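Undergrad: First the structure, then my questions, so here it is.
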Amino acid sequence: MSEQEISRLGFLQFAVQQGDIHANFEQVKKGLSILNPPVGSLIALPEMWATGFVYESLEELSAEVPSLLEELEKLAHSYNIILAGSLPCEQVIDGNVSLTNRLCFSGSSHNPAPGIDKQHLFSFWKEDLWFKSGSQPKPISLAEDASIGGLVCYDLRFPEAAQLQCKQGANILLMSAQWPMARIEQWKILLQARAIENQCFVIAANACGHWDHLQLGGHSMLIAPDGEILAEAGDGEAFQVMEYNLEVQKELRERFNTVAGSSWTMDDADKIFSLEGLQQVVESRRRIGQKIVFTNGCFDILHAGHVDYLQKARKQGDFLVLGLNDDKSISSIKGPERPINEELQRARVLAALGCVDGIVLFGEDTPLNLITTLQPDVLVKGADWQEDEIVGAAEVKAGGGRVERIAFTNQTSTTAMIKRIKG
């Protein structure tokens, strides 16, 4: 579809045939034939609409996705519309191949249009064992007046996943889901909440029928920025498209705007704790089910390699604790001319990183006391360390946790920086 106004929003709701790409593609063709959507329509499809959640076959099925998307692109262009739904897609990071549950767009002027990966994996359905979660989502501009934010099923329960994209300019949220009938009332409430709090249009395509012994809920919806339900399907097969009016959104946001405001209310210095204070915070986080991640280091002159490492460490769980060597311990390790920056200055700079949740100073030769006191679920160290050499590894594993070794992709070193400055 050329860069033009998106004039209508719609959805195709059907029962996904597990593992049968051909049958599911035929269902999309059938739905479009019945619907005959006007030019400029944006049509949402259910989550994993072509494959279903047949985990053991996903790697094999994902190999067919590129050719499937080529056919879907042709289909979308034949109607001059945009189709969007999630599919299992391969990604390669640092040479490692993994799968993402990706919201893919077909028929736009972007060829191919970028996708939006599912942010929050549903561990109750074992999604986290088969997929990698997405990084920070960015809305996709598909027309001059339409910027689309994407959510995939479980993302609906996390307001920030939608808010982040709307604060970047998304005025339509598109949801692709396989939401169960048992929680269909929550589906409706949460969809309306996302529309109201972000003052945006919401298109939500849910699957119907059954997955294994689970009944899926259907009730795909179109919702206005004030929460009004413009269209709602039942629990069976349904295909719908309708006009929408962006002026409604503009008028609402002119009266009061919940999206534009983005004030900074945090004091990052609050992330710096005593061991006793941090222990209380960690226990509170653990009680609500969060996974605690721990790493340590000197971080004397913060550089890109440090930041990349800490971001990767944070992605291993829900709350990243950084054990920071105090000045005395650094001097004993690196000599009397170090550190360059004193401990509280280093702590304050590190606290400004969004990926760091808590910082605690330590003066011992190793962070073993911190590790045994805080009992993290994940212990992170650089890949240049062998696991049996990592302090605290045995203790974390004995407590049911795991050890992750992360490679430094940026080879910058503080020592080399100091030599260069002196030179």
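Numbering starts fresh at 1 for the residues of each chain in the structure tokens, the chains themselves are lettered A, B, ... in the order given, and ligands are numbered from 1 as they appear.
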Env of region 136-149 of chain A: 10 Å cut, atoms = only C-alpha atoms, seq-sep filter 6 positions within chain, self excluded. Answer as a short mmCIF file (atom, residue, chain, number, x, y, z; two decimals) with C-alpha atoms, in the first residue's frame.

TA:
data_model
loop_
_atom_site.label_atom_id
_atom_site.label_comp_id
_atom_site.auth_asym_id
_atom_site.auth_seq_id
_atom_site.Cartn_x
_atom_site.Cartn_y
_atom_site.Cartn_z
CA MET A 1 0.00 0.00 0.00
CA SER A 2 1.40 3.38 -0.92
CA GLU A 3 1.84 6.08 1.73
CA GLN A 4 -1.76 7.16 2.15
CA GLU A 5 -4.39 7.64 4.80
CA ILE A 6 -5.49 4.60 6.78
CA SER A 7 -9.24 5.00 6.48
CA GLY A 40 -6.63 1.83 3.07
CA LEU A 42 -5.57 -1.84 8.50
CA ILE A 82 -2.20 -3.55 5.49
CA PHE A 105 3.16 -5.92 8.93
CA GLY A 107 1.29 -4.35 2.50
CA SER A 108 2.82 -1.08 3.73
CA SER A 109 5.07 1.19 1.69
CA HIS A 110 7.96 -0.03 3.85
CA ALA A 113 8.01 -3.09 7.24
CA PRO A 114 9.79 -3.46 10.57
CA GLY A 115 8.16 -5.73 13.13
CA ILE A 116 7.48 -5.37 16.84
CA ASP A 117 8.56 -8.26 19.06
CA LYS A 118 6.48 -9.44 22.01
CA GLN A 119 7.85 -7.78 25.14
CA ALA A 161 4.34 -1.48 26.88
CA ALA A 162 1.55 0.59 25.32
CA GLN A 163 2.42 3.87 27.00
CA LEU A 164 6.02 3.82 25.79
CA GLN A 165 4.89 3.57 22.16
CA CYS A 166 2.16 6.17 22.50
CA LYS A 167 4.63 8.63 24.01
CA GLN A 168 6.70 8.09 20.86
CA GLY A 169 3.74 9.12 18.72
CA ALA A 170 1.57 6.02 18.24
CA ASN A 171 -2.09 6.98 17.81
CA ILE A 172 -3.32 3.43 17.09
CA LEU A 173 -2.51 0.34 19.15
CA LEU A 174 -2.77 -2.99 17.35
CA MET A 175 -3.13 -6.14 19.46
CA CYS A 200 -5.71 6.07 21.26
CA PHE A 201 -7.65 3.75 18.98
CA VAL A 202 -7.22 0.05 19.71
CA LEU A 246 -8.94 10.59 14.02
#

Undergrad: According to DSSP computed on the backbone, where in region 44-168 of chain A is there strand (DSSP E)? Give the residues as a PyMOL selection string.

TA: chain A and resi 44+82-93+96-106+116-117+140-143+146-152

Undergrad: Pick out the residues sitting within 9 Å of Thr51 (chain A), and hand them over as a ChimeraX atom specification; count only C-alpha atoms, and ignore anything fewer than 2 positions along from it in its own chain.

TA: /A:16-21,24,48-49,53-54,58,61-62,87-88

Undergrad: Print the selection's residues with C-alpha atoms to a file, as a compact mmCIF listing (two decimals), in the first residue's frame.

TA:
# COMPACT_ATOMS: atom_id res chain seq x y z
CA VAL A 16 -5.85 -21.21 14.30
CA GLN A 17 -5.06 -24.67 12.94
CA GLN A 18 -2.03 -25.83 14.90
CA GLY A 19 1.05 -26.26 12.71
CA ASP A 20 -0.84 -25.93 9.41
CA ILE A 21 0.46 -22.80 7.66
CA ASN A 24 -4.36 -20.80 8.16
CA MET A 48 0.76 -16.88 15.87
CA TRP A 49 -2.00 -16.92 13.28
CA PHE A 53 1.93 -22.67 19.55
CA VAL A 54 3.34 -26.02 18.42
CA LEU A 58 8.40 -23.86 15.72
CA LEU A 61 7.86 -23.69 10.85
CA SER A 62 9.76 -20.42 11.32
CA LEU A 87 4.47 -15.00 13.71
CA PRO A 88 7.50 -16.97 14.96

Undergrad: Write out as a ChimeraX atom specification the set of residues from region 162-332 of chain A that DSSP, computed on the backbone, places in helix (DSSP H, G or I).

TA: /A:162-166,181-198,246-255,268-271,275-287,304-314,327-332

Undergrad: Kindly give the distance, in Å, that separates CA of Gly234 (chain A) and CA of His210 (chain A), rounded to a single decimal.

TA: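 A separation of 14.6 Å between them.
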
Undergrad: If you measure from CA of Pro37 (chain A) to CA of Lys188 (chain A), what distance in Å do you get, rounded to one decimal?

TA: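 Going from CA of Pro37 (chain A) over to CA of Lys188 (chain A) covers 24.7 Å.
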
Undergrad: With only C-alpha atoms as the basis for distance, which of A:Ala383, A:Leu353, A:Leu216, A:Ile371 is at the shortest distance from Ile184 (chain A)?

TA: A:Leu216

Undergrad: Identify which of the residues A:Lys74, A:Lys271, A:Arg157, A:Lys30 lies closest to Ile189 (chain A), counting only C-alpha atoms when measuring atom-to-atom distances.

TA: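 Among A:Lys74, A:Lys271, A:Arg157, A:Lys30, it is A:Arg157 that comes nearest to Ile189 (chain A).
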
Undergrad: Which residues are near Tyr244 (chain A)? Cut-off 9 Å, only C-alpha atoms, ignore same chain within fewer than 4 positions. Put them as a PyMOL selection string.

TA: chain A and resi 7-9+201+224+230+248

Undergrad: Point out the residue among A:Leu324, A:Leu222, A:Val360, A:Met181 with the least atom-to-atom distance to Ile43 (chain A), counting only C-alpha atoms.

TA: A:Leu222

Undergrad: List as a PyMOL selection string the protein and nucleic acid residues near Ala238 (chain A), meaning an atom at most 8 Å away when only C-alpha atoms are counted, but skip any in the same chain fewer than 4 places from it.

TA: chain A and resi 12-14+233-234

Undergrad: Measure the distance from CA of Glu47 (chain A) to CA of Ala177 (chain A) in Å and round it to one decimal.

TA: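 Separating CA of Glu47 (chain A) from CA of Ala177 (chain A) is a distance of 4.3 Å.
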
Undergrad: Would you pick out the contacts of Cys298 (chain A) at 8 Å or less, using only C-alpha atoms, so that residues sharing its chain but fewer than 3 positions from it are not included, and give the list as a list in words?

TA: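 Answer for this query is Leu324, Asn325, Asp326 and Ile330 of chain A.
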
Undergrad: Go ahead and write the selection's residues with C-alpha atoms as a PDB file, in the first residue's frame.

TA:
ATOM      1  CA  LEU A 324      30.471  -1.886  43.295  1.00  0.00           C
ATOM      2  CA  ASN A 325      34.048  -2.104  44.592  1.00  0.00           C
ATOM      3  CA  ASP A 326      34.811   0.721  47.016  1.00  0.00           C
ATOM      4  CA  ILE A 330      40.107  -0.947  43.864  1.00  0.00           C
TER       5      ILE A 330
END

Undergrad: What's around Arg348 (chain A) at 10 Å? Count only C-alpha atoms, leave out sequence neighbours fewer than 2 positions away in its own chain, and write the answer as an MDAnalysis selection string.

TA: chainID A and resid 268:272 343:346 350:353 359

Undergrad: For the residues in the current selection, export C-alpha atoms as a PDB file, in the first residue's frame.

TA:
ATOM      1  CA  ASP A 268      18.403   8.009  40.623  1.00  0.00           C
ATOM      2  CA  ALA A 269      20.472   8.453  43.779  1.00  0.00           C
ATOM      3  CA  ASP A 270      17.757   6.440  45.546  1.00  0.00           C
ATOM      4  CA  LYS A 271      19.166   3.349  43.818  1.00  0.00           C
ATOM      5  CA  ILE A 272      22.267   3.448  46.073  1.00  0.00           C
ATOM      6  CA  GLU A 343      33.173   5.525  44.966  1.00  0.00           C
ATOM      7  CA  LEU A 344      30.141   7.759  45.477  1.00  0.00           C
ATOM      8  CA  GLN A 345      30.716   9.507  42.142  1.00  0.00           C
ATOM      9  CA  ARG A 346      30.949   6.139  40.392  1.00  0.00           C
ATOM     10  CA  LEU A 350      25.859   4.100  37.409  1.00  0.00           C
ATOM     11  CA  ALA A 351      22.567   4.827  39.170  1.00  0.00           C
ATOM     12  CA  ALA A 352      21.567   7.007  36.214  1.00  0.00           C
ATOM     13  CA  LEU A 353      21.500   3.923  33.968  1.00  0.00           C
ATOM     14  CA  ILE A 359      23.833  -0.462  43.820  1.00  0.00           C
TER      15      ILE A 359
END

Undergrad: Pick the closest to Ser413 (chain A) from A:Leu252, A:Leu151, A:Leu302, A:Val378: which is it, counting only C-alpha atoms?

TA: A:Leu302
